[in-house]
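What follows is protein16.csv (CSV, C-alpha atoms and all ligand atoms).
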```csv
chain,number,residue,atom,x,y,z
I,717,MET,CA,-71.2,-91.2,-37.9
I,718,ALA,CA,-72.0,-91.8,-41.6
I,719,ASP,CA,-75.4,-90.4,-42.7
I,720,ARG,CA,-78.1,-93.0,-43.3
I,721,ARG,CA,-81.0,-90.7,-43.9
I,722,LEU,CA,-84.5,-91.6,-44.8
I,723,THR,CA,-85.0,-90.8,-48.4
I,724,ALA,CA,-88.0,-89.1,-50.1
I,725,GLY,CA,-88.7,-92.4,-51.8
I,726,ALA,CA,-88.8,-94.2,-48.5
I,727,VAL,CA,-91.2,-91.6,-47.1
I,728,ALA,CA,-93.5,-92.0,-50.2
I,729,ALA,CA,-93.5,-95.8,-49.6
I,730,ARG,CA,-94.9,-95.3,-46.1
I,731,LYS,CA,-98.3,-94.4,-47.7
I,732,GLY,CA,-101.0,-96.3,-45.7
I,733,GLY,CA,-98.4,-97.8,-43.4
I,734,ALA,CA,-97.1,-96.7,-40.0
I,735,PRO,CA,-97.9,-93.1,-39.4
I,736,ILE,CA,-95.2,-90.7,-40.5
I,737,VAL,CA,-93.9,-88.3,-37.8
I,738,MET,CA,-92.6,-84.9,-38.8
I,739,VAL,CA,-91.7,-81.9,-36.6
I,740,THR,CA,-90.1,-78.6,-37.5
I,741,ALA,CA,-86.5,-77.9,-36.5
I,742,TYR,CA,-84.3,-74.8,-36.9
I,743,ASP,CA,-81.0,-75.6,-35.2
I,744,ALA,CA,-78.6,-78.4,-34.5
I,745,PRO,CA,-79.3,-79.2,-30.8
I,746,PHE,CA,-83.1,-79.4,-31.1
I,747,ALA,CA,-82.8,-81.3,-34.4
I,748,ARG,CA,-80.5,-83.8,-32.7
I,749,ALA,CA,-83.0,-84.2,-29.8
I,750,ALA,CA,-85.8,-84.8,-32.4
I,751,GLU,CA,-83.8,-87.4,-34.2
I,752,GLU,CA,-82.8,-89.2,-31.0
I,753,ALA,CA,-86.5,-89.2,-30.1
I,754,GLY,CA,-87.2,-91.2,-33.3
I,755,ILE,CA,-88.8,-88.4,-35.4
I,756,ASP,CA,-88.8,-89.5,-39.1
I,757,LEU,CA,-88.7,-86.1,-40.9
I,758,LEU,CA,-87.4,-82.7,-39.8
I,759,LEU,CA,-89.0,-79.8,-41.5
I,760,VAL,CA,-86.9,-76.6,-41.6
I,761,GLY,CA,-90.1,-74.6,-41.9
I,762,ASP,CA,-90.3,-70.9,-42.7
I,763,SER,CA,-92.2,-70.7,-39.4
I,764,LEU,CA,-88.5,-70.0,-38.5
I,765,GLY,CA,-89.5,-66.3,-39.1
I,766,MET,CA,-92.0,-66.3,-36.2
I,767,VAL,CA,-90.7,-68.8,-33.7
I,768,VAL,CA,-87.0,-68.1,-34.0
I,769,LEU,CA,-86.3,-64.8,-35.8
I,770,GLY,CA,-89.1,-62.8,-34.1
I,771,TYR,CA,-91.0,-61.7,-37.2
I,772,GLU,CA,-94.8,-61.3,-37.3
I,773,SER,CA,-95.1,-63.6,-40.3
I,774,THR,CA,-93.1,-65.9,-42.7
I,775,ILE,CA,-92.9,-63.2,-45.4
I,776,PRO,CA,-89.6,-61.6,-44.4
I,777,VAL,CA,-87.8,-65.0,-44.3
I,778,THR,CA,-85.0,-65.1,-46.9
I,779,LEU,CA,-83.4,-68.0,-48.8
I,780,HIS,CA,-80.2,-67.1,-46.9
I,781,ASP,CA,-82.1,-67.6,-43.6
I,782,MET,CA,-83.3,-71.0,-44.8
I,783,LEU,CA,-79.9,-72.0,-46.0
I,784,ARG,CA,-78.2,-71.2,-42.7
I,785,HIS,CA,-80.8,-72.9,-40.5
I,786,THR,CA,-81.2,-75.9,-42.7
I,787,ALA,CA,-77.4,-76.5,-42.7
I,788,ALA,CA,-77.5,-76.4,-38.9
I,789,VAL,CA,-80.2,-79.0,-38.8
I,790,VAL,CA,-78.3,-81.2,-41.2
I,791,ARG,CA,-75.1,-80.9,-39.2
I,792,GLY,CA,-77.0,-81.9,-36.0
I,793,THR,CA,-78.5,-85.1,-37.5
I,794,HIS,CA,-77.6,-88.3,-39.4
I,795,GLN,CA,-80.8,-90.3,-40.0
I,796,ALA,CA,-83.8,-88.1,-40.3
I,797,HIS,CA,-85.0,-86.8,-43.6
I,798,VAL,CA,-84.4,-83.0,-43.7
I,799,VAL,CA,-86.9,-81.1,-45.8
I,800,ALA,CA,-86.5,-77.3,-46.2
I,801,ASP,CA,-89.2,-74.7,-47.0
I,802,LEU,CA,-88.8,-72.5,-50.0
I,803,PRO,CA,-89.5,-69.1,-48.5
I,804,PHE,CA,-91.8,-66.5,-49.9
I,805,LEU,CA,-90.8,-65.1,-53.3
I,806,SER,CA,-88.0,-67.7,-53.9
I,807,TYR,CA,-90.2,-69.7,-56.2
I,808,GLN,CA,-93.2,-67.8,-57.3
I,809,VAL,CA,-91.7,-65.7,-60.2
I,810,SER,CA,-90.6,-68.4,-62.6
I,811,ASP,CA,-89.7,-72.1,-63.0
I,812,GLU,CA,-86.1,-71.1,-63.4
I,813,GLU,CA,-86.0,-69.2,-60.1
I,814,ALA,CA,-87.8,-72.1,-58.3
I,815,VAL,CA,-85.3,-74.6,-59.6
I,816,ARG,CA,-82.3,-72.4,-58.6
I,817,SER,CA,-83.7,-71.7,-55.1
I,818,ALA,CA,-84.5,-75.4,-54.6
I,819,GLY,CA,-81.0,-76.4,-55.9
I,820,MET,CA,-79.3,-74.0,-53.5
I,821,LEU,CA,-81.1,-75.6,-50.5
I,822,ILE,CA,-80.0,-79.0,-51.6
I,823,LYS,CA,-76.4,-78.1,-52.6
I,824,ASP,CA,-75.5,-75.5,-50.0
I,825,SER,CA,-77.4,-76.8,-46.9
I,826,GLY,CA,-77.7,-80.5,-47.4
I,827,ALA,CA,-81.5,-80.8,-47.3
I,828,LEU,CA,-82.8,-83.9,-49.0
I,829,SER,CA,-86.0,-82.3,-50.3
I,830,VAL,CA,-87.8,-79.0,-50.5
I,831,LYS,CA,-91.4,-78.0,-49.6
I,832,LEU,CA,-93.4,-75.2,-51.3
I,833,GLU,CA,-96.8,-73.8,-50.7
I,834,GLY,CA,-99.6,-73.9,-53.3
I,835,GLY,CA,-102.0,-76.2,-55.1
I,836,ALA,CA,-103.0,-76.3,-58.8
I,837,GLU,CA,-101.4,-72.9,-59.5
I,838,THR,CA,-98.0,-74.0,-58.1
I,839,ALA,CA,-98.0,-77.4,-59.8
I,840,PRO,CA,-95.8,-76.2,-62.8
I,841,ARG,CA,-93.1,-75.1,-60.3
I,842,ILE,CA,-93.2,-78.4,-58.5
I,843,ALA,CA,-92.9,-80.2,-61.9
I,844,ALA,CA,-89.9,-78.1,-62.9
I,845,ILE,CA,-88.1,-78.8,-59.6
I,846,VAL,CA,-88.8,-82.5,-59.8
I,847,ARG,CA,-87.5,-82.5,-63.4
I,848,ALA,CA,-84.3,-81.2,-62.0
I,849,GLY,CA,-84.1,-84.3,-59.8
I,850,ILE,CA,-85.1,-82.6,-56.5
I,851,PRO,CA,-87.8,-84.3,-54.4
I,852,VAL,CA,-90.7,-81.9,-53.5
I,853,MET,CA,-93.2,-82.0,-50.7
I,854,GLY,CA,-96.4,-80.1,-51.5
I,855,HIS,CA,-98.3,-77.9,-49.0
I,856,ILE,CA,-102.0,-77.2,-49.5
I,857,GLY,CA,-105.0,-76.0,-47.5
I,858,LEU,CA,-104.0,-73.0,-45.4
I,859,LEU,CA,-100.9,-71.4,-47.0
I,860,PRO,CA,-99.2,-69.4,-44.2
I,861,GLN,CA,-97.1,-67.3,-46.7
I,862,THR,CA,-100.2,-65.7,-48.2
I,863,ALA,CA,-102.9,-66.4,-45.6
I,864,GLY,CA,-102.4,-62.9,-44.0
I,865,LEU,CA,-102.5,-61.2,-47.4
I,866,GLY,CA,-106.2,-62.0,-48.0
I,867,PRO,CA,-107.4,-65.6,-47.7
I,868,GLY,CA,-107.2,-65.7,-43.9
I,869,TYR,CA,-106.6,-68.4,-41.3
I,870,ARG,CA,-109.9,-70.3,-41.3
I,871,THR,CA,-110.1,-74.1,-41.8
I,872,ARG,CA,-110.3,-75.1,-45.5
I,873,GLY,CA,-113.4,-77.1,-46.0
I,874,ASP,CA,-114.1,-76.8,-49.8
I,875,ARG,CA,-113.7,-80.5,-50.7
I,876,GLU,CA,-113.6,-80.0,-54.5
I,877,ARG,CA,-110.9,-77.3,-54.3
I,878,VAL,CA,-108.7,-79.2,-51.8
I,879,LEU,CA,-109.0,-82.4,-53.8
I,880,ALA,CA,-108.2,-80.6,-57.0
I,881,ASP,CA,-105.1,-79.0,-55.4
I,882,ALA,CA,-104.0,-82.4,-53.9
I,883,ARG,CA,-104.4,-84.1,-57.2
I,884,ALA,CA,-102.4,-81.4,-59.0
I,885,VAL,CA,-99.4,-81.5,-56.6
I,886,GLU,CA,-99.4,-85.3,-56.8
I,887,ALA,CA,-99.5,-85.2,-60.6
I,888,ALA,CA,-96.7,-82.7,-60.6
I,889,GLY,CA,-94.5,-85.3,-58.9
I,890,SER,CA,-94.6,-84.5,-55.2
I,891,TYR,CA,-93.5,-87.4,-52.9
I,892,ALA,CA,-95.8,-86.3,-50.1
I,893,VAL,CA,-98.1,-83.3,-49.3
I,894,VAL,CA,-98.8,-81.3,-46.1
I,895,LEU,CA,-102.5,-80.6,-45.5
I,896,GLU,CA,-102.7,-77.5,-43.2
I,897,LYS,CA,-106.0,-76.6,-41.4
I,898,VAL,CA,-108.1,-78.8,-43.8
I,899,ASP,CA,-111.4,-80.0,-42.5
I,900,ALA,CA,-110.8,-83.5,-41.1
I,901,GLU,CA,-113.4,-85.2,-43.3
I,902,VAL,CA,-112.0,-83.5,-46.4
I,903,ALA,CA,-108.5,-84.5,-45.3
I,904,ALA,CA,-109.7,-88.1,-44.9
I,905,ASP,CA,-111.1,-88.0,-48.5
I,906,VAL,CA,-107.9,-86.6,-49.9
I,907,THR,CA,-105.8,-89.2,-48.0
I,908,ARG,CA,-107.9,-91.9,-49.6
I,909,ALA,CA,-107.7,-90.3,-53.1
I,910,LEU,CA,-103.9,-89.9,-53.3
I,911,ARG,CA,-101.2,-92.4,-53.9
I,912,ILE,CA,-98.7,-90.2,-52.0
I,913,PRO,CA,-98.8,-89.7,-48.2
I,914,THR,CA,-100.6,-86.8,-46.6
I,915,ILE,CA,-99.1,-85.2,-43.6
I,916,GLY,CA,-101.6,-83.2,-41.5
I,917,ILE,CA,-101.3,-80.2,-39.3
I,918,GLY,CA,-104.7,-79.3,-37.9
I,919,ALA,CA,-106.3,-81.7,-40.4
I,920,GLY,CA,-107.5,-84.5,-38.3
I,921,ALA,CA,-106.4,-88.0,-37.6
I,922,ALA,CA,-106.9,-89.7,-40.9
I,923,CYS,CA,-103.8,-88.3,-42.6
I,924,ASP,CA,-100.8,-90.7,-43.3
I,925,GLY,CA,-98.7,-88.6,-40.9
I,926,GLN,CA,-98.6,-85.5,-38.7
I,927,VAL,CA,-96.4,-82.5,-38.4
I,928,LEU,CA,-96.3,-79.9,-35.6
I,929,VAL,CA,-94.1,-76.9,-34.9
I,930,MET,CA,-91.3,-77.8,-32.5
I,931,HIS,CA,-91.8,-74.7,-30.4
I,932,ASP,CA,-95.6,-75.5,-29.9
I,933,VAL,CA,-94.8,-79.1,-28.9
I,934,LEU,CA,-92.2,-77.9,-26.4
I,935,GLY,CA,-94.2,-75.1,-24.9
I,936,LEU,CA,-91.8,-72.4,-26.1
I,937,VAL,CA,-94.5,-70.0,-27.5
I,938,ALA,CA,-97.1,-68.1,-25.6
I,939,ASN,CA,-100.1,-68.9,-27.7
I,940,PRO,CA,-99.9,-72.2,-29.6
I,941,PRO,CA,-102.7,-72.9,-32.1
I,942,PRO,CA,-105.6,-74.9,-30.7
I,943,PHE,CA,-104.9,-77.9,-32.8
I,944,ALA,CA,-101.3,-78.3,-31.4
I,945,LYS,CA,-100.6,-80.4,-28.3
I,946,VAL,CA,-98.1,-79.0,-25.8
I,947,TYR,CA,-96.0,-82.0,-24.6
I,948,ALA,CA,-93.5,-80.1,-22.3
I,949,ARG,CA,-93.1,-76.7,-20.7
I,950,ILE,CA,-89.6,-75.9,-21.8
I,951,GLY,CA,-90.2,-72.2,-21.9
I,952,GLU,CA,-91.2,-72.2,-18.2
I,953,ALA,CA,-88.2,-74.5,-17.3
I,954,ALA,CA,-85.8,-72.1,-19.1
I,955,ARG,CA,-87.2,-69.1,-17.2
I,956,GLU,CA,-86.9,-70.8,-13.9
I,957,ALA,CA,-83.3,-72.0,-14.6
I,958,LEU,CA,-82.3,-68.5,-15.8
I,959,ALA,CA,-83.9,-66.9,-12.7
I,960,ALA,CA,-82.0,-69.3,-10.4
I,961,TYR,CA,-78.7,-68.4,-12.2
I,962,ALA,CA,-79.4,-64.7,-11.9
I,963,ALA,CA,-80.3,-65.0,-8.3
I,964,GLU,CA,-77.2,-67.0,-7.5
I,965,VAL,CA,-74.9,-64.5,-9.2
I,966,ARG,CA,-76.5,-61.6,-7.4
I,967,ALA,CA,-76.3,-63.4,-4.1
I,968,GLY,CA,-72.6,-64.3,-4.6
I,969,ALA,CA,-73.5,-68.0,-4.6
I,970,PHE,CA,-72.2,-68.6,-8.1
I,971,PRO,CA,-69.4,-69.2,-8.9
I,972,THR,CA,-68.1,-71.0,-5.9
I,973,LYS,CA,-64.4,-71.2,-5.0
T,1,LIG,O1,-93.2,-73.6,-41.8
T,1,LIG,C1,-93.8,-74.5,-41.2
T,1,LIG,O2,-93.6,-74.7,-39.9
T,1,LIG,C2,-94.7,-75.3,-41.9
T,1,LIG,C3,-95.6,-76.2,-41.1
T,1,LIG,C4,-96.7,-75.4,-40.5
T,1,LIG,C5,-96.1,-77.3,-41.9
T,1,LIG,O3,-94.8,-75.2,-43.1
```

With the file now loaded, output its structure as structure tokens.
Amino acid sequence: MADRRLTAGAVAARKGGAPIVMVTAYDAPFARAAEEAGIDLLLVGDSLGMVVLGYESTIPVTLHDMLRHTAAVVRGTHQAHVVADLPFLSYQVSDEEAVRSAGMLIKDSGALSVKLEGGAETAPRIAAIVRAGIPVMGHIGLLPQTAGLGPGYRTRGDRERVLADARAVEAAGSYAVVLEKVDAEVAADVTRALRIPTIGIGAGAACDGQVLVMHDVLGLVANPPPFAKVYARIGEAAREALAAYAAEVRAGAFPTK
């Protein structure tokens, strides 16, 4: 089937319209299921590190990890917009490195856009990547790559700071911005103040769209964050199925003649 993917421009044009639905994806089969379910955007998040690769944080995730998993998500889908995270230390050092890392995600994995964390301090990197012709999704509020190094995981409620970051990533050319763990009233103010869509995670109902981590939605992790909603118990179903398989093999009931 030929690809007819939602573009970054089409996502930007959804500002104030029907809510945008985004979920993370890390492999072809679950990406296909999400696309078949009508999800608009698939985020190959660097949450990959925790939910798939078994790390404690996103910090060890490499550009190579992101390339491999993004390519799998692209291969599994035809319509959804695929946005890939730039992992820690693939964009912080210089504009040149940021453009090169973003370019690799577009060229080598087939992502249609990239996402990077940071507000006003990251705006020059966003502008450099956008100048190279690559659409960028911003990510402000709680920044998972560095939260554990000092700032912590509390909800961000400083209206002036969050607004300034939002305006900076918009001015730098982002087509949309993720608001992570931002106080719901602040997120509503930011959503009203920006021309680009806001996509919330733990940021209340007023954002232009919502994103959740696939493994939280499907009940594949032991302790999902309180703001996530668990829509299925796939982890439990998998354990039951695998236990039934093991029991049948041990009992000589599988395979049959
Ligand atoms: O990596 C990720 O899953 C993310 C979401 C939390 C937005 O960046």

- For region 919-921 of chain I, list every protein, DNA or RNA residue within 9 Å, evaluated using only C-alpha atoms, and leave out those in the same chain fewer than 2 positions away; present the list as a PyMOL selection string. chain I and resi 871+895-904+915-917+923-926+943

- So how many Å separate CA of Glu886 (chain I) and CA of Phe804 (chain I), to one decimal? 21.4 Å

- Task: Name the residues, by chain letter and number, that sit within 9 Å of ligand LIG 1 (chain T) using only C-alpha atoms and all ligand atoms, and give them as a ChimeraX atom specification.
- Result: /I:738-741,759-765,774,800-801,803,831-833,855,859-861,894-896,915-917,927-930

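Comparing I:Leu958, I:Val727, I:Val893, I:Ala882 by their smallest distance to Thr914 (chain I), the closest is I:Val893 (using all atoms listed in the file).
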
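Between CA of Ala796 (chain I) and CA of Pro776 (chain I) the separation is 27.4 Å.
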
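Relative to CA of Ile850 (chain I), CA of Val815 (chain I) is found at 8.6 Å.
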
- Query: Out of I:Leu910, I:Ala848, I:Val789, I:Ala753, which residue has the shortest atom-to-atom distance to Ser817 (chain I) when counting all atoms listed in the file?
  - Reply: I:Ala848
